[in-house]
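One file, upload13.pdb, is given below (PDB, C-alpha atoms, pLDDT in the B column).
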```pdb
ATOM      1  CA  MET D1186      68.170  69.636 156.903  1.00 38.00           C
ATOM      2  CA  THR D1187      70.394  66.958 158.391  1.00 38.00           C
ATOM      3  CA  SER D1188      73.822  66.153 157.034  1.00 38.00           C
ATOM      4  CA  GLU D1189      72.912  62.617 156.032  1.00 38.00           C
ATOM      5  CA  ASN D1190      70.370  63.997 153.562  1.00 38.00           C
ATOM      6  CA  LEU D1191      72.897  66.115 151.677  1.00 38.00           C
ATOM      7  CA  PRO D1192      75.683  65.243 149.261  1.00 39.00           C
ATOM      8  CA  SER D1193      78.960  66.384 150.759  1.00 39.00           C
ATOM      9  CA  SER D1194      79.970  69.898 149.760  1.00 40.00           C
ATOM     10  CA  PRO D1195      83.561  71.015 149.390  1.00 39.00           C
ATOM     11  CA  GLU D1196      82.520  74.346 150.860  1.00 42.00           C
ATOM     12  CA  GLY D1197      81.822  72.612 154.189  1.00 42.00           C
ATOM     13  CA  GLY D1198      81.216  74.652 157.322  1.00 39.00           C
ATOM     14  CA  ASP D1199      78.031  76.333 158.414  1.00 40.00           C
ATOM     15  CA  GLU D1200      76.677  77.172 154.981  1.00 46.00           C
ATOM     16  CA  ASN D1201      73.481  79.175 155.007  1.00 48.00           C
ATOM     17  CA  LEU D1202      70.660  76.619 155.051  1.00 47.00           C
ATOM     18  CA  LEU D1203      68.357  78.561 152.799  1.00 50.00           C
ATOM     19  CA  ARG D1204      71.126  78.970 150.216  1.00 53.00           C
ATOM     20  CA  ARG D1205      71.609  75.199 150.283  1.00 48.00           C
ATOM     21  CA  ALA D1206      67.865  74.652 149.878  1.00 49.00           C
ATOM     22  CA  GLY D1207      67.812  76.991 146.889  1.00 52.00           C
ATOM     23  CA  ARG D1208      70.759  75.206 145.331  1.00 52.00           C
ATOM     24  CA  LEU D1209      69.105  71.833 145.773  1.00 49.00           C
ATOM     25  CA  ALA D1210      65.887  73.144 144.250  1.00 50.00           C
ATOM     26  CA  GLY D1211      67.848  74.406 141.269  1.00 52.00           C
ATOM     27  CA  TRP D1212      69.638  71.093 140.910  1.00 45.00           C
ATOM     28  CA  ALA D1213      66.363  69.181 140.955  1.00 48.00           C
ATOM     29  CA  ALA D1214      64.799  71.529 138.380  1.00 48.00           C
ATOM     30  CA  ARG D1215      67.809  71.527 136.063  1.00 42.00           C
ATOM     31  CA  THR D1216      68.292  67.753 136.102  1.00 37.00           C
ATOM     32  CA  GLY D1217      64.575  67.238 135.505  1.00 39.00           C
ATOM     33  CA  PHE D1218      64.858  63.991 137.458  1.00 35.00           C
ATOM     34  CA  THR D1219      66.535  62.390 134.467  1.00 36.00           C
ATOM     35  CA  ILE D1220      67.454  59.044 135.977  1.00 32.00           C
ATOM     36  CA  GLY D1221      69.684  57.963 133.113  1.00 34.00           C
ATOM     37  CA  ARG D1222      72.074  60.881 133.514  1.00 36.00           C
ATOM     38  CA  ARG D1223      75.199  60.402 135.521  1.00 35.00           C
ATOM     39  CA  LEU D1224      75.634  62.654 138.507  1.00 41.00           C
ATOM     40  CA  PRO D1225      79.296  63.508 139.133  1.00 44.00           C
ATOM     41  CA  LEU D1226      79.996  63.692 142.852  1.00 43.00           C
ATOM     42  CA  PRO D1227      83.473  64.078 144.363  1.00 44.00           C
ATOM     43  CA  GLY D1228      85.290  60.851 143.506  1.00 42.00           C
ATOM     44  CA  LEU D1229      82.094  59.030 142.598  1.00 39.00           C
ATOM     45  CA  GLU D1230      79.819  58.435 139.602  1.00 45.00           C
ATOM     46  CA  LEU D1231      76.335  57.106 140.121  1.00 46.00           C
ATOM     47  CA  ALA D1232      73.729  55.922 137.681  1.00 48.00           C
ATOM     48  CA  GLY D1233      70.520  53.896 137.693  1.00 50.00           C
ATOM     49  CA  GLU D1234      69.387  52.948 141.190  1.00 56.00           C
ATOM     50  CA  GLY D1235      72.292  54.805 142.793  1.00 56.00           C
ATOM     51  CA  LEU D1236      71.157  58.043 141.189  1.00 49.00           C
ATOM     52  CA  ARG D1237      67.565  57.399 142.241  1.00 55.00           C
ATOM     53  CA  GLN D1238      68.716  57.034 145.834  1.00 62.00           C
ATOM     54  CA  VAL D1239      70.692  60.286 145.733  1.00 56.00           C
ATOM     55  CA  GLU D1240      67.718  62.117 144.207  1.00 52.00           C
ATOM     56  CA  ARG D1241      65.390  60.793 146.892  1.00 60.00           C
ATOM     57  CA  GLN D1242      67.779  61.867 149.642  1.00 61.00           C
ATOM     58  CA  VAL D1243      68.234  65.338 148.202  1.00 54.00           C
ATOM     59  CA  LEU D1244      64.532  65.975 147.639  1.00 56.00           C
ATOM     60  CA  THR D1245      63.530  64.534 151.007  1.00 61.00           C
ATOM     61  CA  GLY D1246      66.052  66.781 152.703  1.00 58.00           C
ATOM     62  CA  LEU D1247      64.836  69.824 150.767  1.00 58.00           C
ATOM     63  CA  ARG D1248      61.193  69.187 151.645  1.00 60.00           C
ATOM     64  CA  ARG D1249      62.081  68.626 155.269  1.00 59.00           C
ATOM     65  CA  ARG D1250      64.046  71.887 155.430  1.00 57.00           C
ATOM     66  CA  LEU D1251      61.261  73.947 153.875  1.00 58.00           C
ATOM     67  CA  ASP D1252      58.632  72.215 156.003  1.00 57.00           C
ATOM     68  CA  GLU D1253      60.437  73.580 159.052  1.00 53.00           C
ATOM     69  CA  VAL D1254      58.978  76.945 158.062  1.00 57.00           C
ATOM     70  CA  ASP D1255      55.680  75.956 159.650  1.00 64.00           C
ATOM     71  CA  ASP D1256      52.492  77.736 158.749  1.00 69.00           C
ATOM     72  CA  PRO D1257      51.509  79.410 162.034  1.00 68.00           C
ATOM     73  CA  TYR D1258      47.833  78.784 161.299  1.00 61.00           C
ATOM     74  CA  VAL D1259      48.475  75.041 160.886  1.00 65.00           C
ATOM     75  CA  VAL D1260      50.442  75.060 164.133  1.00 64.00           C
ATOM     76  CA  ALA D1261      47.581  76.876 165.832  1.00 62.00           C
ATOM     77  CA  LEU D1262      44.994  74.425 164.502  1.00 60.00           C
ATOM     78  CA  SER D1263      47.060  71.527 165.766  1.00 62.00           C
ATOM     79  CA  ALA D1264      47.394  73.077 169.199  1.00 59.00           C
ATOM     80  CA  ALA D1265      43.705  73.959 169.323  1.00 55.00           C
ATOM     81  CA  GLY D1266      42.734  70.439 168.317  1.00 54.00           C
ATOM     82  CA  SER D1267      44.571  69.037 171.324  1.00 54.00           C
ATOM     83  CA  GLU D1268      42.755  71.267 173.837  1.00 55.00           C
ATOM     84  CA  HIS D1269      38.973  70.902 174.046  1.00 52.00           C
ATOM     85  CA  THR D1270      36.262  71.897 176.467  1.00 48.00           C
ATOM     86  CA  PRO D1271      32.494  71.128 176.605  1.00 49.00           C
ATOM     87  CA  ASN D1272      30.138  73.753 175.182  1.00 49.00           C
ATOM     88  CA  GLY D1273      26.572  74.438 176.278  1.00 55.00           C
ATOM     89  CA  ALA D1274      25.329  71.345 174.445  1.00 60.00           C
ATOM     90  CA  GLY D1275      27.927  69.133 176.040  1.00 57.00           C
ATOM     91  CA  GLU D1276      30.013  68.913 172.831  1.00 58.00           C
ATOM     92  CA  LEU D1277      33.792  69.216 172.887  1.00 52.00           C
ATOM     93  CA  VAL D1278      35.050  72.322 171.059  1.00 51.00           C
ATOM     94  CA  PRO D1279      38.561  73.785 170.690  1.00 54.00           C
ATOM     95  CA  VAL D1280      39.618  76.022 173.565  1.00 50.00           C
ATOM     96  CA  ARG D1281      41.540  78.557 171.475  1.00 56.00           C
ATOM     97  CA  GLU D1282      40.532  80.426 168.326  1.00 71.00           C
ATOM     98  CA  PRO D1283      42.997  79.427 165.555  1.00 72.00           C
ATOM     99  CA  LEU D1284      43.346  82.934 164.095  1.00 77.00           C
ATOM    100  CA  ARG D1285      44.262  84.475 167.441  1.00 78.00           C
ATOM    101  CA  ALA D1286      46.514  81.547 168.264  1.00 77.00           C
ATOM    102  CA  ALA D1287      48.254  81.879 164.880  1.00 78.00           C
ATOM    103  CA  MET D1288      49.018  85.538 165.580  1.00 83.00           C
ATOM    104  CA  LYS D1289      50.371  84.609 169.000  1.00 82.00           C
ATOM    105  CA  GLU D1290      52.545  81.939 167.351  1.00 79.00           C
ATOM    106  CA  LEU D1291      54.107  84.551 165.053  1.00 84.00           C
ATOM    107  CA  LEU D1292      54.600  87.033 167.881  1.00 87.00           C
ATOM    108  CA  ASP D1293      56.262  84.356 170.008  1.00 84.00           C
ATOM    109  CA  ARG D1294      58.641  83.545 167.150  1.00 82.00           C
ATOM    110  CA  SER D1295      59.509  87.201 166.677  1.00 85.00           C
ATOM    111  CA  VAL D1296      60.893  87.319 170.214  1.00 87.00           C
ATOM    112  CA  GLY D1297      63.354  84.484 169.666  1.00 83.00           C
ATOM    113  CA  PHE D1298      64.438  85.236 166.092  1.00 85.00           C
ATOM    114  CA  GLY D1299      67.722  86.958 165.335  1.00 88.00           C
ATOM    115  CA  ARG D1300      68.254  88.959 162.129  1.00 89.00           C
ATOM    116  CA  GLU D1301      69.594  86.029 160.113  1.00 90.00           C
ATOM    117  CA  GLN D1302      66.891  83.637 161.275  1.00 87.00           C
ATOM    118  CA  ALA D1303      64.159  86.201 160.586  1.00 89.00           C
ATOM    119  CA  ARG D1304      65.584  86.865 157.109  1.00 91.00           C
ATOM    120  CA  GLU D1305      65.776  83.139 156.317  1.00 88.00           C
ATOM    121  CA  TYR D1306      62.204  82.620 157.501  1.00 87.00           C
ATOM    122  CA  LEU D1307      61.042  85.474 155.255  1.00 91.00           C
ATOM    123  CA  TYR D1308      62.859  84.174 152.170  1.00 92.00           C
ATOM    124  CA  ALA D1309      61.748  80.582 152.784  1.00 89.00           C
ATOM    125  CA  THR D1310      58.124  81.687 153.156  1.00 90.00           C
ATOM    126  CA  VAL D1311      58.280  83.461 149.779  1.00 94.00           C
ATOM    127  CA  LEU D1312      60.133  80.551 148.174  1.00 92.00           C
ATOM    128  CA  ARG D1313      57.429  78.087 149.191  1.00 89.00           C
ATOM    129  CA  GLN D1314      54.779  80.170 147.396  1.00 93.00           C
ATOM    130  CA  LEU D1315      56.524  80.385 144.012  1.00 95.00           C
ATOM    131  CA  THR D1316      55.444  78.240 141.089  1.00 95.00           C
ATOM    132  CA  PRO D1317      58.137  76.664 138.864  1.00 95.00           C
ATOM    133  CA  ASP D1318      57.303  79.151 136.083  1.00 97.00           C
ATOM    134  CA  GLU D1319      57.655  82.062 138.497  1.00 97.00           C
ATOM    135  CA  ALA D1320      61.020  80.726 139.637  1.00 96.00           C
ATOM    136  CA  ARG D1321      62.140  80.724 135.998  1.00 96.00           C
ATOM    137  CA  ILE D1322      61.102  84.357 135.629  1.00 97.00           C
ATOM    138  CA  VAL D1323      62.987  85.384 138.775  1.00 97.00           C
ATOM    139  CA  ALA D1324      66.082  83.521 137.554  1.00 96.00           C
ATOM    140  CA  THR D1325      65.861  85.292 134.181  1.00 96.00           C
ATOM    141  CA  LEU D1326      65.470  88.734 135.755  1.00 97.00           C
ATOM    142  CA  ALA D1327      68.406  87.981 138.061  1.00 96.00           C
ATOM    143  CA  SER D1328      70.727  88.764 135.150  1.00 94.00           C
ATOM    144  CA  GLY D1329      69.822  92.420 135.702  1.00 95.00           C
ATOM    145  CA  THR D1330      68.092  92.772 132.331  1.00 95.00           C
ATOM    146  CA  ALA D1331      64.874  94.786 132.137  1.00 97.00           C
ATOM    147  CA  PHE D1332      61.994  93.443 130.030  1.00 98.00           C
ATOM    148  CA  PRO D1333      59.083  95.219 128.373  1.00 98.00           C
ATOM    149  CA  VAL D1334      55.640  95.180 129.930  1.00 98.00           C
ATOM    150  CA  ILE D1335      52.376  96.276 128.329  1.00 98.00           C
ATOM    151  CA  ASP D1336      49.014  96.999 129.930  1.00 97.00           C
ATOM    152  CA  VAL D1337      45.963  97.220 127.692  1.00 96.00           C
ATOM    153  CA  THR D1338      43.446  99.749 128.961  1.00 94.00           C
ATOM    154  CA  GLU D1339      40.169 101.050 127.570  1.00 90.00           C
ATOM    155  CA  ARG D1340      39.919 104.803 127.078  1.00 83.00           C
ATOM    156  CA  GLY D1341      36.999 106.339 128.865  1.00 71.00           C
ATOM    157  CA  PHE D1342      35.794 108.607 131.636  1.00 59.00           C
ATOM    158  CA  GLY D1343      38.013 108.404 134.703  1.00 59.00           C
ATOM    159  CA  GLY D1344      40.826 106.680 132.833  1.00 63.00           C
ATOM    160  CA  GLY D1345      38.833 103.656 131.682  1.00 75.00           C
ATOM    161  CA  ARG D1346      39.339 100.077 132.756  1.00 87.00           C
ATOM    162  CA  THR D1347      42.306  97.730 132.441  1.00 92.00           C
ATOM    163  CA  ILE D1348      41.730  94.855 130.016  1.00 94.00           C
ATOM    164  CA  LEU D1349      45.137  93.209 130.381  1.00 96.00           C
ATOM    165  CA  ARG D1350      47.812  93.905 132.980  1.00 97.00           C
ATOM    166  CA  ASN D1351      51.513  92.958 132.911  1.00 98.00           C
ATOM    167  CA  ALA D1352      51.885  91.235 129.562  1.00 98.00           C
ATOM    168  CA  SER D1353      55.610  90.730 128.960  1.00 98.00           C
ATOM    169  CA  THR D1354      58.185  88.913 126.855  1.00 97.00           C
ATOM    170  CA  VAL D1355      60.069  87.824 129.971  1.00 98.00           C
ATOM    171  CA  GLY D1356      58.049  84.610 130.086  1.00 97.00           C
ATOM    172  CA  LYS D1357      59.129  83.571 126.617  1.00 96.00           C
ATOM    173  CA  THR D1358      62.768  84.287 127.427  1.00 96.00           C
ATOM    174  CA  ALA D1359      62.454  82.333 130.668  1.00 96.00           C
ATOM    175  CA  GLY D1360      60.858  79.395 128.841  1.00 96.00           C
ATOM    176  CA  VAL D1361      57.795  79.168 131.063  1.00 97.00           C
ATOM    177  CA  THR D1362      55.395  76.271 130.582  1.00 97.00           C
ATOM    178  CA  LEU D1363      52.278  78.472 130.648  1.00 97.00           C
ATOM    179  CA  PRO D1364      53.069  81.637 128.637  1.00 96.00           C
ATOM    180  CA  ASP D1365      49.469  82.903 128.829  1.00 96.00           C
ATOM    181  CA  GLU D1366      49.820  83.071 132.613  1.00 97.00           C
ATOM    182  CA  VAL D1367      52.789  85.458 132.546  1.00 98.00           C
ATOM    183  CA  PRO D1368      50.600  88.512 133.383  1.00 98.00           C
ATOM    184  CA  GLY D1369      49.379  86.715 136.495  1.00 98.00           C
ATOM    185  CA  TYR D1370      52.877  85.551 137.367  1.00 98.00           C
ATOM    186  CA  LEU D1371      54.231  89.098 137.248  1.00 98.00           C
ATOM    187  CA  THR D1372      51.314  90.370 139.308  1.00 98.00           C
ATOM    188  CA  ARG D1373      52.052  87.753 141.974  1.00 98.00           C
ATOM    189  CA  LEU D1374      55.804  88.418 141.899  1.00 98.00           C
ATOM    190  CA  ALA D1375      55.122  92.127 142.330  1.00 98.00           C
ATOM    191  CA  GLY D1376      52.862  91.257 145.252  1.00 97.00           C
ATOM    192  CA  PHE D1377      55.688  89.293 146.862  1.00 97.00           C
ATOM    193  CA  GLY D1378      57.921  92.335 146.354  1.00 97.00           C
ATOM    194  CA  LEU D1379      60.330  90.392 144.126  1.00 98.00           C
ATOM    195  CA  VAL D1380      59.896  92.552 141.011  1.00 98.00           C
ATOM    196  CA  GLU D1381      59.212  96.210 140.370  1.00 97.00           C
ATOM    197  CA  LEU D1382      57.345  97.738 137.446  1.00 97.00           C
ATOM    198  CA  ASP D1383      58.911 100.941 136.179  1.00 96.00           C
ATOM    199  CA  ALA D1384      58.220 103.481 133.447  1.00 96.00           C
ATOM    200  CA  GLU D1385      58.686 102.854 129.746  1.00 97.00           C
ATOM    201  CA  SER D1386      62.266 102.478 128.496  1.00 96.00           C
ATOM    202  CA  ALA D1387      63.225 103.976 125.133  1.00 96.00           C
ATOM    203  CA  GLU D1388      65.917 101.306 124.823  1.00 96.00           C
ATOM    204  CA  LEU D1389      63.226  98.628 124.555  1.00 97.00           C
ATOM    205  CA  GLU D1390      61.320 100.239 121.662  1.00 97.00           C
ATOM    206  CA  SER D1391      61.668  97.289 119.302  1.00 97.00           C
ATOM    207  CA  GLN D1392      60.725  94.849 122.063  1.00 97.00           C
ATOM    208  CA  TYR D1393      57.548  96.783 122.835  1.00 97.00           C
ATOM    209  CA  GLU D1394      56.578  96.510 119.182  1.00 97.00           C
ATOM    210  CA  ILE D1395      57.149  92.769 119.198  1.00 97.00           C
ATOM    211  CA  LEU D1396      55.173  92.374 122.429  1.00 97.00           C
ATOM    212  CA  ALA D1397      52.252  94.335 120.959  1.00 97.00           C
ATOM    213  CA  THR D1398      51.908  91.719 118.189  1.00 96.00           C
ATOM    214  CA  GLU D1399      51.552  88.771 120.551  1.00 96.00           C
ATOM    215  CA  ASP D1400      48.170  87.040 120.599  1.00 96.00           C
ATOM    216  CA  LEU D1401      47.484  87.809 124.270  1.00 96.00           C
ATOM    217  CA  VAL D1402      47.886  91.548 123.704  1.00 97.00           C
ATOM    218  CA  ARG D1403      46.077  91.616 120.354  1.00 96.00           C
ATOM    219  CA  THR D1404      43.094  89.757 121.825  1.00 96.00           C
ATOM    220  CA  ALA D1405      42.889  92.276 124.667  1.00 95.00           C
ATOM    221  CA  VAL D1406      43.071  95.173 122.187  1.00 95.00           C
ATOM    222  CA  LYS D1407      40.231  93.727 120.118  1.00 94.00           C
ATOM    223  CA  SER D1408      38.021  93.375 123.190  1.00 92.00           C
ATOM    224  CA  ALA D1409      38.308  97.083 124.032  1.00 88.00           C
ATOM    225  CA  ARG D1410      36.283  99.833 122.373  1.00 86.00           C
ATOM    226  CA  ARG D1411      39.163 102.294 122.347  1.00 89.00           C
ATOM    227  CA  ALA D1412      42.299 100.488 123.391  1.00 92.00           C
ATOM    228  CA  ARG D1413      45.358 102.204 124.794  1.00 92.00           C
ATOM    229  CA  LEU D1414      48.714 100.462 125.311  1.00 95.00           C
ATOM    230  CA  VAL D1415      50.585 101.491 128.440  1.00 95.00           C
ATOM    231  CA  ARG D1416      54.272 100.624 128.265  1.00 97.00           C
ATOM    232  CA  ARG D1417      56.328  99.775 131.321  1.00 97.00           C
ATOM    233  CA  THR D1418      59.365  97.688 132.275  1.00 98.00           C
ATOM    234  CA  VAL D1419      59.932  94.893 134.782  1.00 98.00           C
ATOM    235  CA  ARG D1420      63.088  94.084 136.698  1.00 97.00           C
ATOM    236  CA  LEU D1421      64.049  92.542 140.012  1.00 98.00           C
ATOM    237  CA  SER D1422      63.391  94.774 143.002  1.00 98.00           C
ATOM    238  CA  ARG D1423      66.016  95.399 145.682  1.00 97.00           C
ATOM    239  CA  PHE D1424      64.275  92.768 147.783  1.00 97.00           C
ATOM    240  CA  GLY D1425      64.281  90.434 144.778  1.00 97.00           C
ATOM    241  CA  VAL D1426      68.026  90.882 144.360  1.00 97.00           C
ATOM    242  CA  ARG D1427      68.633  89.970 148.016  1.00 96.00           C
ATOM    243  CA  PHE D1428      66.226  87.041 147.748  1.00 96.00           C
ATOM    244  CA  TRP D1429      68.041  85.708 144.678  1.00 96.00           C
ATOM    245  CA  ALA D1430      71.437  86.106 146.327  1.00 94.00           C
ATOM    246  CA  ALA D1431      70.217  83.853 149.145  1.00 92.00           C
ATOM    247  CA  CYS D1432      68.473  81.294 146.922  1.00 92.00           C
ATOM    248  CA  ASP D1433      70.638  81.263 143.783  1.00 91.00           C
ATOM    249  CA  PRO D1434      71.164  77.549 142.992  1.00 87.00           C
ATOM    250  CA  GLY D1435      74.019  78.219 140.540  1.00 79.00           C
ATOM    251  CA  GLU D1436      76.907  77.672 142.951  1.00 51.00           C
ATOM    252  CA  TRP D1437      75.497  74.370 144.183  1.00 42.00           C
ATOM    253  CA  THR D1438      74.886  73.047 140.673  1.00 41.00           C
ATOM    254  CA  ARG D1439      78.467  73.909 139.738  1.00 42.00           C
ATOM    255  CA  ILE D1440      79.645  71.879 142.723  1.00 38.00           C
ATOM    256  CA  LEU D1441      77.561  68.925 141.541  1.00 34.00           C
TER
END
```

Produce structure tokens that represent the structure in this file.
Amino acid sequence: MTSENLPSSPEGGDENLLRRAGRLAGWAARTGFTIGRRLPLPGLELAGEGLRQVERQVLTGLRRRLDEVDDPYVVALSAAGSEHTPNGAGELVPVREPLRAAMKELLDRSVGFGREQAREYLYATVLRQLTPDEARIVATLASGTAFPVIDVTERGFGGGRTILRNASTVGKTAGVTLPDEVPGYLTRLAGFGLVELDAESAELESQYEILATEDLVRTAVKSARRARLVRRTVRLSRFGVRFWAACDPGEWTRIL
């Protein structure tokens, strides 16, 4: 991200680029692109068209920075498309196989990456895959609070089947736009390694009871012949804590 695309920061210096990207993302989400609001910058107040220009610069810079984390498969396709050779029928076909070329692209990068660059690439790759609702959940869990989770399973031979997995109140607390998708969000976040699902917590007894009355859970219970509620908890994983420390937009929004 080039300096002309960023509002000046009193922190100055070689600030971690991913941290700056996370802060800008948080600023954009928190302002909601409300054009009428005034944006206080050091010694300057902008509104109307001035604010629109600042927003465009910030968002363009953010997209450009994240786009630098190129998908190796896209890079491989581009390279393959520029190198062709005739096949048996006289048609031009790509010389290299994109999947093999994509692996080579990653291996080549691994040689030149230092620890900090490799870590930033990892965090940026995860960041690009998060939905806005999932970002809200991560931000909520970043407080260190554990939330209740309930799985609805059907009793039967071999343990039965799972009707609903990872229902939780964390989505409501986070204010997600699609509360019915929270089970899927948590499943994805666990897949990214950002959250961990632990055993039941006695301290959350009342919250489990509230969660069990929610429509999503009750519907799953009704669809099972012999329903069983499995209680668990969700919190940020160690990786999630490190990820949030790098991407936490709070410091940047305080500067703005």

Residues returned when the PyMOL selection byres ((chain D and resi 1327) around 12) runs on this file, as a ChimeraX atom specification = /D:1320-1326,1328-1332,1355,1359,1379-1380,1419-1435

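Applied to the file shown here, the PyMOL selection byres ((chain D and resi 1360-1369) around 9) selects Pro1317, Asp1318, Glu1319, Arg1321, Ile1322, Leu1349, Arg1350, Asn1351, Ala1352, Ser1353, Thr1354, Val1355, Gly1356, Lys1357, Thr1358, Ala1359, Tyr1370, Leu1371, Thr1372, Arg1373, Leu1374 and Leu1401 of chain D.
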
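What separates CA of Ile1348 in chain D from CA of Glu1399 in chain D is a distance of 14.9 Å.
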
Exercise: residues within 9 Å of coordinate (55.5, 91.0, 122.4), counting only C-alpha atoms, as a ChimeraX atom specification = /D:1333-1335,1352-1354,1392-1402

Looking at D:Asp1293, D:Thr1310, D:Met1288, D:Arg1300, which one is nearest to Phe1377 in chain D, with distances taken over only C-alpha atoms?
-> D:Thr1310

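The interatomic distance for the pair CA of Asp1336 in chain D and CA of Arg1416 in chain D works out to 6.6 Å.
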
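Coordinates place CA of Ser1408 in chain D at a distance of 25.8 Å from CA of Leu1389 in chain D.
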
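With distances taken from (63.2, 81.8, 150.6) and restricted to all atoms listed in the file, the residues inside 8 Å are Leu1203, Gly1207, Glu1305, Tyr1306, Leu1307, Tyr1308, Ala1309, Thr1310, Val1311, Leu1312, Arg1313, Phe1428, Ala1431 and Cys1432 of chain D.
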